[in-house]
>>> print(open('work13.txt').read())   # compact mmCIF, C-alpha atoms
# COMPACT_ATOMS: atom_id res chain seq x y z
CA MET U 1 -163.77 177.27 35.68
CA ALA U 2 -161.66 174.15 36.16
CA PRO U 3 -161.08 173.14 39.79
CA ASP U 4 -157.71 173.94 41.35
CA THR U 5 -156.01 170.56 41.63
CA GLU U 6 -152.66 171.87 42.85
CA ALA U 7 -151.92 170.59 46.35
CA THR U 8 -151.44 173.11 49.15
CA PRO U 9 -148.00 173.32 50.79
CA LEU U 10 -149.32 171.47 53.86
CA ALA U 11 -150.87 168.74 51.71
CA ARG U 12 -147.58 168.30 49.89
CA ALA U 13 -145.78 168.13 53.22
CA LEU U 14 -148.10 165.44 54.52
CA THR U 15 -147.34 163.26 51.49
CA ALA U 16 -143.58 163.88 51.61
CA THR U 17 -141.07 161.04 51.64
CA VAL U 18 -137.58 160.92 53.06
CA THR U 19 -136.13 160.26 49.62
CA GLY U 20 -138.13 163.16 48.20
CA LEU U 21 -136.88 165.55 50.85
CA LEU U 22 -133.28 164.43 50.36
CA SER U 23 -133.63 164.87 46.60
CA ASP U 24 -134.61 168.51 47.27
CA ILE U 25 -131.15 169.17 48.72
CA ALA U 26 -129.13 166.78 46.55
CA GLY U 27 -127.51 169.68 44.69
CA THR U 28 -126.55 171.65 47.80
CA GLY U 29 -122.89 171.61 48.74
CA THR U 30 -121.70 169.10 46.14
CA ASP U 31 -117.92 168.83 46.09
CA ASN U 32 -116.56 168.53 42.56
CA ILE U 33 -113.02 167.87 43.76
CA ARG U 34 -113.49 165.35 46.60
CA GLY U 35 -116.83 163.98 45.48
CA GLY U 36 -119.81 163.81 47.82
CA TYR U 37 -120.69 166.89 49.85
CA THR U 38 -118.78 169.57 51.71
CA ARG U 39 -121.10 171.53 54.00
CA PRO U 40 -119.15 173.13 56.86
CA VAL U 41 -121.14 175.06 59.43
CA TYR U 42 -122.19 178.56 58.29
CA SER U 43 -120.93 177.96 54.77
CA THR U 44 -123.24 178.94 51.91
CA ALA U 45 -124.26 175.29 51.54
CA GLU U 46 -125.05 174.79 55.22
CA LEU U 47 -126.96 178.08 55.41
CA ASP U 48 -129.01 177.02 52.38
CA LEU U 49 -129.82 173.75 54.17
CA ARG U 50 -130.83 175.63 57.32
CA ASN U 51 -133.20 177.77 55.26
CA TRP U 52 -134.58 174.64 53.61
CA PHE U 53 -135.27 173.13 57.02
CA ILE U 54 -136.99 176.29 58.27
CA GLU U 55 -139.20 176.33 55.17
CA GLN U 56 -140.09 172.66 55.58
CA ALA U 57 -140.87 173.08 59.27
CA THR U 58 -142.96 176.19 58.70
CA THR U 59 -144.95 174.44 55.97
CA ARG U 60 -145.87 171.80 58.54
CA GLY U 61 -147.18 174.42 60.95
CA LEU U 62 -144.26 174.05 63.34
CA SER U 63 -143.03 177.02 65.36
CA VAL U 64 -139.38 177.68 64.43
CA GLU U 65 -136.80 179.26 66.75
CA THR U 66 -133.00 179.51 66.74
CA ASP U 67 -131.40 179.18 70.16
CA LEU U 68 -128.48 181.17 71.57
CA ASN U 69 -125.99 178.57 70.30
CA GLY U 70 -127.28 178.42 66.74
CA ALA U 71 -129.40 175.24 66.89
CA ILE U 72 -132.75 175.45 65.08
CA TRP U 73 -135.83 174.14 66.92
CA ALA U 74 -139.14 173.41 65.19
CA TRP U 75 -141.92 172.89 67.74
CA TRP U 76 -145.23 171.06 67.54
CA ASP U 77 -146.74 172.53 70.69
CA VAL U 78 -149.48 171.28 72.97
CA PRO U 79 -152.41 173.58 73.78
CA GLY U 80 -151.28 176.27 76.20
CA GLY U 81 -147.69 176.15 74.92
CA ASP U 82 -146.15 174.29 77.88
CA ARG U 83 -142.90 172.75 76.60
CA SER U 84 -141.90 170.80 79.68
CA ASN U 85 -141.16 167.08 79.24
CA SER U 86 -140.83 167.53 75.48
CA LEU U 87 -139.97 164.80 73.01
CA VAL U 88 -137.12 165.92 70.77
CA THR U 89 -135.75 164.35 67.60
CA GLY U 90 -133.48 165.56 64.80
CA SER U 91 -129.81 165.57 63.83
CA HIS U 92 -127.47 167.88 61.87
CA LEU U 93 -127.00 169.26 58.35
CA ASP U 94 -123.25 170.00 58.24
CA SER U 95 -120.82 167.49 56.79
CA VAL U 96 -117.21 166.39 56.77
CA PRO U 97 -115.23 167.39 53.66
CA GLY U 98 -116.41 165.16 50.82
CA GLY U 99 -118.97 163.40 53.02
CA GLY U 100 -121.98 161.32 52.08
CA ALA U 101 -125.55 162.41 51.48
CA PHE U 102 -127.08 160.75 54.55
CA ASP U 103 -124.87 161.54 57.56
CA GLY U 104 -127.05 164.09 59.35
CA PRO U 105 -129.65 164.98 56.68
CA LEU U 106 -131.20 161.51 56.88
CA GLY U 107 -132.08 162.14 60.52
CA VAL U 108 -133.51 165.59 59.78
CA ALA U 109 -135.57 164.46 56.78
CA SER U 110 -136.80 161.39 58.69
CA ALA U 111 -137.86 163.58 61.61
CA LEU U 112 -139.91 165.80 59.29
CA VAL U 113 -141.62 162.79 57.73
CA ALA U 114 -142.21 161.31 61.20
CA VAL U 115 -144.02 164.55 62.10
CA ASP U 116 -146.15 164.13 58.97
CA ILE U 117 -147.02 160.56 59.97
CA LEU U 118 -147.91 161.60 63.51
CA LYS U 119 -150.06 164.46 62.24
CA SER U 120 -151.99 161.94 60.14
CA ARG U 121 -152.66 159.90 63.29
CA ILE U 122 -153.32 162.51 65.97
CA ALA U 123 -154.63 166.08 65.95
CA THR U 124 -152.69 167.20 69.01
CA PRO U 125 -149.55 165.66 70.55
CA ALA U 126 -149.86 164.30 74.08
CA ARG U 127 -146.58 166.04 74.88
CA PRO U 128 -144.64 168.73 72.99
CA LEU U 129 -142.53 167.51 70.09
CA ALA U 130 -139.54 169.33 68.59
CA VAL U 131 -137.30 168.66 65.61
CA VAL U 132 -133.83 170.11 66.19
CA VAL U 133 -130.90 170.80 63.87
CA PHE U 134 -127.62 171.09 65.78
CA PRO U 135 -124.76 173.09 64.19
CA GLU U 136 -121.14 171.95 63.73
CA GLU U 137 -121.79 168.32 64.63
CA GLU U 138 -118.88 167.14 62.50
CA GLY U 139 -116.42 169.72 63.78
CA SER U 140 -115.12 170.11 60.22
CA ARG U 141 -114.78 173.90 60.45
CA PHE U 142 -113.77 174.64 64.05
CA GLY U 143 -112.28 171.31 65.10
CA VAL U 144 -114.67 170.40 67.93
CA ALA U 145 -117.32 167.81 67.12
CA CYS U 146 -120.89 168.38 68.32
CA LEU U 147 -120.10 172.00 69.16
CA GLY U 148 -123.74 173.11 69.25
CA SER U 149 -124.85 170.42 71.68
CA ARG U 150 -121.66 170.81 73.73
CA LEU U 151 -122.42 174.51 74.14
CA MET U 152 -126.05 173.88 75.08
CA THR U 153 -125.11 171.35 77.76
CA GLY U 154 -122.09 173.26 79.04
CA ALA U 155 -119.75 170.46 77.94
CA ILE U 156 -117.39 173.06 76.45
CA ASP U 157 -116.28 176.33 78.02
CA PRO U 158 -117.85 179.26 76.10
CA ASP U 159 -114.55 181.15 76.09
CA LYS U 160 -112.82 178.19 74.47
CA ALA U 161 -115.60 177.99 71.89
CA ARG U 162 -115.49 181.71 71.13
CA ASN U 163 -111.76 181.48 70.42
CA LEU U 164 -111.84 178.42 68.18
CA ARG U 165 -110.47 179.24 64.73
CA ASP U 166 -111.15 177.80 61.30
CA GLN U 167 -108.46 177.21 58.69
CA ASP U 168 -108.80 180.81 57.48
CA GLY U 169 -108.12 182.15 60.98
CA SER U 170 -111.67 183.32 61.65
CA THR U 171 -112.86 182.78 65.22
CA PHE U 172 -116.11 181.06 66.04
CA ALA U 173 -117.18 184.27 67.79
CA ASP U 174 -116.71 186.30 64.62
CA VAL U 175 -118.42 183.75 62.38
CA ALA U 176 -121.30 183.32 64.82
CA LYS U 177 -121.80 187.08 65.03
CA ALA U 178 -121.80 187.39 61.25
CA ASN U 179 -124.62 184.83 61.18
CA GLY U 180 -126.91 186.51 63.66
CA LEU U 181 -125.74 185.08 66.99
CA ASP U 182 -124.46 187.12 69.92
CA PRO U 183 -121.28 185.30 70.99
CA ARG U 184 -121.53 186.86 74.45
CA PHE U 185 -124.49 184.62 75.23
CA ILE U 186 -123.38 181.24 73.90
CA GLY U 187 -123.13 178.45 76.47
CA ARG U 188 -125.22 176.21 78.70
CA ASP U 189 -128.95 176.71 78.15
CA GLU U 190 -130.71 175.70 81.34
CA LYS U 191 -134.17 176.51 79.99
CA LEU U 192 -133.87 174.31 76.91
CA LEU U 193 -132.23 171.45 78.79
CA GLY U 194 -135.01 171.59 81.36
CA GLN U 195 -137.64 171.23 78.63
CA ILE U 196 -136.23 168.04 77.10
CA GLY U 197 -137.93 164.94 78.46
CA ALA U 198 -136.32 162.60 75.91
CA PHE U 199 -134.15 162.91 72.80
CA VAL U 200 -134.26 160.30 70.03
CA GLU U 201 -131.84 160.71 67.11
CA LEU U 202 -132.15 158.73 63.89
CA HIS U 203 -128.91 158.34 61.95
CA VAL U 204 -127.47 156.33 59.12
CA GLU U 205 -125.41 153.46 60.52
CA GLN U 206 -121.71 154.12 60.03
CA GLY U 207 -120.59 150.53 59.92
CA ARG U 208 -121.61 146.99 58.93
CA GLY U 209 -123.69 145.84 61.90
CA LEU U 210 -127.06 145.89 60.13
CA ILE U 211 -125.63 144.48 56.91
CA ASP U 212 -124.32 141.44 58.75
CA LEU U 213 -127.61 141.01 60.64
CA ASP U 214 -129.70 141.58 57.48
CA GLN U 215 -131.89 144.07 59.34
CA PRO U 216 -132.97 147.57 58.25
CA ILE U 217 -133.17 149.24 61.68
CA ALA U 218 -131.29 149.01 64.99
CA ILE U 219 -131.47 150.61 68.42
CA ALA U 220 -128.23 151.99 69.82
CA SER U 221 -126.84 150.78 73.12
CA SER U 222 -123.71 152.92 73.46
CA ILE U 223 -121.11 155.12 71.78
CA LEU U 224 -117.44 154.28 72.12
CA GLY U 225 -115.29 156.78 74.00
CA HIS U 226 -113.32 158.95 71.64
CA GLY U 227 -111.36 162.16 71.37
CA ARG U 228 -109.38 164.42 69.10
CA TRP U 229 -105.85 165.62 69.71
CA ARG U 230 -103.53 167.91 67.75
CA LEU U 231 -99.86 167.02 67.45
CA SER U 232 -97.43 169.73 66.39
CA VAL U 233 -93.93 168.71 65.33
CA HIS U 234 -91.45 171.61 65.39
CA GLY U 235 -88.29 171.53 63.30
CA GLN U 236 -86.11 173.89 61.29
CA GLY U 237 -87.59 175.53 58.21
CA ASN U 238 -85.10 175.82 55.39
CA HIS U 239 -84.46 175.79 51.65
CA ALA U 240 -85.16 172.47 49.89
CA GLY U 241 -82.31 172.93 47.44
CA THR U 242 -79.48 174.23 49.59
CA THR U 243 -79.88 172.22 52.79
CA LEU U 244 -77.99 168.93 52.80
CA MET U 245 -79.90 165.89 54.03
CA ALA U 246 -77.51 165.48 56.96
CA ASP U 247 -78.17 169.05 58.08
CA ARG U 248 -81.97 168.80 58.22
CA HIS U 249 -84.39 168.84 61.15
CA ASP U 250 -87.43 168.08 59.06
CA PRO U 251 -90.74 167.87 60.95
CA MET U 252 -92.43 166.27 57.93
CA VAL U 253 -90.16 163.24 58.24
CA SER U 254 -90.96 163.03 61.96
CA ALA U 255 -94.70 163.40 61.26
CA SER U 256 -94.70 160.65 58.64
CA ARG U 257 -92.92 158.25 61.00
CA ILE U 258 -95.32 159.16 63.83
CA VAL U 259 -98.34 158.42 61.62
CA VAL U 260 -97.03 154.92 60.98
CA ALA U 261 -96.33 154.48 64.70
CA ILE U 262 -99.91 155.51 65.49
CA ARG U 263 -101.20 152.76 63.22
CA ASP U 264 -98.93 150.17 64.83
CA ILE U 265 -99.82 151.17 68.40
CA ALA U 266 -103.55 150.95 67.63
CA ARG U 267 -103.15 147.58 65.91
CA ASN U 268 -101.54 146.17 69.03
CA GLN U 269 -104.49 147.15 71.25
CA THR U 270 -107.67 145.09 70.79
CA ASN U 271 -110.66 147.18 69.62
CA ALA U 272 -108.65 150.41 69.45
CA ARG U 273 -109.07 152.74 66.48
CA ALA U 274 -106.58 155.54 65.79
CA THR U 275 -106.67 157.80 62.74
CA VAL U 276 -104.76 160.73 61.28
CA GLY U 277 -107.05 162.26 58.69
CA ARG U 278 -105.61 165.74 58.38
CA LEU U 279 -102.02 166.97 58.15
CA GLN U 280 -100.91 170.57 57.62
CA PRO U 281 -97.28 171.63 57.00
CA VAL U 282 -96.19 175.19 57.76
CA PRO U 283 -95.52 177.15 55.57
CA GLY U 284 -96.54 174.50 53.04
CA GLY U 285 -94.33 175.30 50.03
CA THR U 286 -93.21 172.63 47.58
CA ASN U 287 -89.58 173.77 47.72
CA VAL U 288 -89.56 174.52 51.45
CA ILE U 289 -88.55 172.29 54.36
CA ALA U 290 -91.41 172.83 56.79
CA SER U 291 -90.76 174.54 60.11
CA ARG U 292 -93.78 172.86 61.70
CA VAL U 293 -96.26 170.14 60.87
CA ASP U 294 -99.64 169.99 62.57
CA PHE U 295 -101.73 166.85 62.35
CA TRP U 296 -104.90 165.70 64.04
CA LEU U 297 -105.36 162.41 65.85
CA ASP U 298 -108.66 160.61 66.45
CA VAL U 299 -108.58 157.75 69.01
CA ARG U 300 -111.51 155.51 70.05
CA HIS U 301 -112.02 152.49 72.31
CA PRO U 302 -114.91 151.06 74.37
CA ASP U 303 -112.85 151.46 77.57
CA ASP U 304 -111.94 155.08 78.37
CA ALA U 305 -108.87 153.98 80.32
CA VAL U 306 -107.58 152.18 77.23
CA THR U 307 -108.22 155.28 75.10
CA ALA U 308 -106.07 157.29 77.53
CA HIS U 309 -103.37 154.58 77.49
CA VAL U 310 -103.26 154.55 73.67
CA VAL U 311 -102.90 158.33 73.51
CA GLU U 312 -100.16 158.25 76.16
CA ALA U 313 -98.29 155.56 74.21
CA ILE U 314 -98.60 157.57 71.00
CA HIS U 315 -97.29 160.71 72.70
CA ALA U 316 -94.31 158.85 74.16
CA GLN U 317 -93.39 157.29 70.83
CA ALA U 318 -93.88 160.62 69.03
CA ARG U 319 -91.39 162.32 71.37
CA LEU U 320 -88.79 159.65 70.67
CA ILE U 321 -89.25 159.84 66.90
CA ALA U 322 -89.13 163.64 66.88
CA ALA U 323 -85.94 163.67 68.94
CA GLU U 324 -84.26 161.29 66.51
CA GLU U 325 -84.90 163.84 63.74
CA GLY U 326 -83.74 166.79 65.85
CA CYS U 327 -87.33 167.96 66.32
CA THR U 328 -89.77 168.40 69.20
CA VAL U 329 -93.45 167.51 69.47
CA GLU U 330 -96.42 168.91 71.38
CA LEU U 331 -99.74 167.15 72.04
CA ARG U 332 -102.92 169.10 72.79
CA GLU U 333 -106.36 167.68 73.51
CA GLU U 334 -109.08 169.36 71.44
CA SER U 335 -112.10 167.33 72.51
CA LEU U 336 -112.81 164.21 74.56
CA SER U 337 -116.03 162.26 74.91
CA PRO U 338 -116.18 159.32 77.34
CA THR U 339 -118.03 156.12 76.48
CA VAL U 340 -121.77 156.80 76.53
CA HIS U 341 -124.44 154.27 77.48
CA PHE U 342 -127.90 155.36 76.38
CA ASP U 343 -130.78 155.59 78.83
CA PRO U 344 -131.89 152.00 79.70
CA ALA U 345 -135.53 152.92 80.37
CA LEU U 346 -135.82 154.82 77.09
CA GLN U 347 -134.12 151.95 75.27
CA LYS U 348 -136.75 149.55 76.67
CA GLU U 349 -139.52 151.89 75.52
CA LEU U 350 -138.06 151.87 72.01
CA GLN U 351 -137.85 148.08 72.08
CA LEU U 352 -141.58 147.91 72.80
CA ALA U 353 -142.27 150.04 69.73
CA LEU U 354 -139.57 148.32 67.62
CA PRO U 355 -139.53 144.68 68.80
CA GLN U 356 -137.59 143.38 65.76
CA ALA U 357 -134.75 145.88 66.00
CA PRO U 358 -131.37 144.54 67.18
CA ILE U 359 -129.29 146.42 69.75
CA LEU U 360 -125.94 147.75 68.49
CA ASP U 361 -123.15 149.94 69.77
CA THR U 362 -121.28 152.41 67.55
CA GLY U 363 -117.85 153.92 67.23
CA ALA U 364 -119.22 157.17 65.76
CA GLY U 365 -119.91 160.26 67.87
CA HIS U 366 -123.28 162.02 67.81
CA ASP U 367 -125.14 164.90 69.44
CA ALA U 368 -127.19 162.24 71.21
CA GLY U 369 -124.04 161.12 72.97
CA VAL U 370 -123.31 164.65 74.18
CA LEU U 371 -126.86 165.04 75.50
CA ALA U 372 -126.91 161.61 77.19
CA PRO U 373 -125.43 162.68 80.57
CA TYR U 374 -128.05 165.42 80.89
CA VAL U 375 -131.33 164.05 79.46
CA PRO U 376 -132.74 160.58 78.60
CA THR U 377 -131.36 159.85 75.15
CA ALA U 378 -131.63 157.12 72.52
CA MET U 379 -130.63 156.48 68.92
CA VAL U 380 -132.06 154.59 65.97
CA PHE U 381 -129.78 153.46 63.13
CA VAL U 382 -130.79 152.88 59.49
CA ARG U 383 -128.91 150.31 57.41
CA ASN U 384 -126.07 151.50 55.19
CA PRO U 385 -125.58 148.76 52.56
CA SER U 386 -122.12 150.03 51.63
CA GLY U 387 -120.88 149.91 55.24
CA VAL U 388 -118.94 153.09 54.36
CA SER U 389 -119.47 156.53 55.89
CA HIS U 390 -117.78 159.94 55.83
CA SER U 391 -117.41 159.20 52.13
CA PRO U 392 -119.41 159.59 48.92
CA GLU U 393 -119.95 155.81 49.02
CA GLU U 394 -122.27 156.14 52.04
CA HIS U 395 -125.74 154.95 51.03
CA VAL U 396 -129.28 154.17 52.17
CA VAL U 397 -131.80 152.46 49.88
CA ASP U 398 -135.15 154.18 49.48
CA GLU U 399 -137.14 151.44 51.20
CA ASP U 400 -134.93 151.53 54.30
CA ALA U 401 -135.13 155.33 54.43
CA GLU U 402 -138.93 155.25 54.51
CA THR U 403 -138.90 152.37 57.00
CA GLY U 404 -136.67 154.48 59.24
CA ALA U 405 -139.11 157.39 59.23
CA ARG U 406 -142.08 155.12 60.01
CA THR U 407 -140.04 153.47 62.73
CA LEU U 408 -139.17 156.85 64.24
CA ALA U 409 -142.82 157.89 64.11
CA ASP U 410 -143.86 154.66 65.85
CA ALA U 411 -141.23 155.19 68.53
CA LEU U 412 -142.26 158.80 69.16
CA HIS U 413 -145.94 157.83 69.20
CA GLY U 414 -145.20 155.15 71.77
CA LEU U 415 -143.34 157.66 73.94
CA MET U 416 -146.36 159.97 73.89
CA ALA U 417 -148.56 157.37 75.56
>>> encode(input="work13.txt", output="structure tokens")
Amino acid sequence: MAPDTEATPLARALTATVTGLLSDIAGTGTDNIRGGYTRPVYSTAELDLRNWFIEQATTRGLSVETDLNGAIWAWWDVPGGDRSNSLVTGSHLDSVPGGGAFDGPLGVASALVAVDILKSRIATPARPLAVVVFPEEEGSRFGVACLGSRLMTGAIDPDKARNLRDQDGSTFADVAKANGLDPRFIGRDEKLLGQIGAFVELHVEQGRGLIDLDQPIAIASSILGHGRWRLSVHGQGNHAGTTLMADRHDPMVSASRIVVAIRDIARNQTNARATVGRLQPVPGGTNVIASRVDFWLDVRHPDDAVTAHVVEAIHAQARLIAAEEGCTVELREESLSPTVHFDPALQKELQLALPQAPILDTGAGHDAGVLAPYVPTAMVFVRNPSGVSHSPEEHVVDEDAETGARTLADALHGLMA
């Protein structure tokens, strides 16, 4: 009888590549309208990715658990099962609407390959190692970025989280319950937080820093302070054909003028970034003057006081513009993350393992930034040759992807010493 030459699942796992793993999920959540991928939390696409991750982790002999807030943990345990002072890596699998292939999944696939590399070097880890997938990192369904890590750390009130609604009106509590969570028990997880000795997140760079430096890998120094606010302009809904222009109190006109004012205010403040990426008229008919327009504001700056000043200036200008159109405006904070500086000691440890890597800050938010006030945290960035993210144009070349996984493995190995 001919010998069985087919590799076992574990053997296949131990020869996996980042590009190979990403190709496995390349057809999941493709968006034929926007391009790229649309994978909101607990959508069919995101659930398929969660199942893919569980299968990959199980194949590697990792112990898989889902916590009370919906994050998936895949553990490589030490003998005896003590999980104190654990090393944790990972990222997220959800996406923005029409996002790229690498934002989130690159970090997850790289973490799995890093586990493979470490298993080829050592039989037993010197300290427990976990790969984690956090849910709703992008906030594309319920409006709060990094919701899973915010819940775990207590950075968001559980009642607020339970009552968040998606665009269809479903609450997070209802959606979580439908997907196997008990919304009564979401919130700060003291046990898990107490087990994390260090968290290292690998992520595609969402900018041009590594392109300009001609380097494949960087270590993060900080994340710019940023937040999300919702502005609601209230006017008078009416018929588009029977209402004279002089008789209108049109919130869409106010909203359009406010968007331009937001751009101008941000341009006049060095290093400020202000964006309106979503606008929703109510009721939204083509032949209807809207009664209300909701739009969402993202503001970022290295100095938290400047971020607050920019938002205050926007609110003041928005009130003036709305009044000129016979409208009113409300501003409500939805999430706010202060500037985060990553753990200096952990950053030095990474520099020992990655001596060629430059140190860069970033304007993009991450779960690592949410965890940073509570546990030692660091980030590793992989070059994005397009310099574009949150877009189908986001890219990582195969060589850099594999270099990132080896780099992550080296860093984790060094932290085990």
>>> atom_distance(input="work13.txt", atom1="atom CA of U:Ile219", atom2="atom CA of U:Ala372")
14.8 Å
>>> atom_distance(input="work13.txt", atom1="atom CA of U:Val200", atom2="atom CA of U:Ser391")
24.6 Å
>>> residues_around(input="work13.txt", residues="U:Pro392", least_positions_apart="4", cutoff="8 Å", atoms="only C-alpha atoms", output="ChimeraX atom specification")
/U:35-37,98-101
>>> closest_residue(input="work13.txt", among="U:Val396, U:Leu346, U:Ala45, U:Val233", to="U:Val375", atoms="all atoms listed in the file")
U:Leu346
>>> closest_residue(input="work13.txt", among="U:Phe295, U:Phe342, U:Trp76, U:Phe134", to="U:Met252", atoms="all atoms listed in the file")
U:Phe295
>>> residues_around(input="work13.txt", residues="U:Gly225", least_positions_apart="5", cutoff="6 Å", atoms="all atoms listed in the file", output="JSON, numbers by chain")
{"U": [300, 301, 302, 304, 337, 338, 339]}
>>> decode(input="work13.txt", residues="stretch 296-351 of chain U", atoms="C-alpha atoms", output="short mmCIF file (atom, residue, chain, number, x, y, z; two decimals), in the first residue's frame")
data_model
loop_
_atom_site.label_atom_id
_atom_site.label_comp_id
_atom_site.auth_asym_id
_atom_site.auth_seq_id
_atom_site.Cartn_x
_atom_site.Cartn_y
_atom_site.Cartn_z
CA TRP U 296 -20.53 61.78 12.84
CA LEU U 297 -17.35 63.68 13.60
CA ASP U 298 -13.90 62.18 14.17
CA VAL U 299 -11.26 64.53 15.67
CA ARG U 300 -7.61 63.68 16.46
CA HIS U 301 -4.55 65.56 17.74
CA PRO U 302 -1.41 64.66 19.72
CA ASP U 303 -2.42 67.09 22.49
CA ASP U 304 -5.72 66.20 24.20
CA ALA U 305 -6.32 69.83 25.15
CA VAL U 306 -6.11 70.81 21.48
CA THR U 307 -8.55 68.03 20.55
CA ALA U 308 -11.02 69.47 23.07
CA HIS U 309 -10.44 73.00 21.73
CA VAL U 310 -11.07 71.89 18.14
CA VAL U 311 -14.33 70.17 19.09
CA GLU U 312 -15.44 73.24 21.07
CA ALA U 313 -14.68 75.50 18.10
CA ILE U 314 -16.61 73.20 15.77
CA HIS U 315 -19.61 73.15 18.09
CA ALA U 316 -19.63 76.95 18.38
CA GLN U 317 -19.43 77.43 14.62
CA ALA U 318 -22.09 74.75 14.05
CA ARG U 319 -24.53 76.59 16.33
CA LEU U 320 -24.02 79.82 14.40
CA ILE U 321 -24.49 78.17 11.02
CA ALA U 322 -27.60 76.29 12.15
CA ALA U 323 -29.16 79.46 13.54
CA GLU U 324 -28.61 81.26 10.24
CA GLU U 325 -30.71 78.56 8.55
CA GLY U 326 -33.41 78.62 11.23
CA CYS U 327 -32.19 75.31 12.64
CA THR U 328 -30.67 74.06 15.89
CA VAL U 329 -27.78 71.67 16.51
CA GLU U 330 -26.88 69.19 19.24
CA LEU U 331 -23.44 67.66 19.88
CA ARG U 332 -23.03 64.37 21.73
CA GLU U 333 -19.79 62.59 22.56
CA GLU U 334 -19.87 58.91 21.61
CA SER U 335 -16.33 57.89 22.50
CA LEU U 336 -13.10 59.58 23.59
CA SER U 337 -9.62 58.14 23.87
CA PRO U 338 -6.81 60.31 25.26
CA THR U 339 -3.31 60.22 23.79
CA VAL U 340 -1.67 56.91 24.69
CA HIS U 341 2.05 56.39 25.26
CA PHE U 342 3.02 52.73 25.16
CA ASP U 343 4.88 51.10 28.02
CA PRO U 344 8.54 52.34 27.92
CA ALA U 345 10.02 49.18 29.46
CA LEU U 346 8.16 46.93 27.02
CA GLN U 347 9.18 49.19 24.15
CA LYS U 348 12.84 48.78 25.17
CA GLU U 349 12.40 45.00 25.29
CA LEU U 350 11.03 45.07 21.75
CA GLN U 351 13.94 47.22 20.61
#
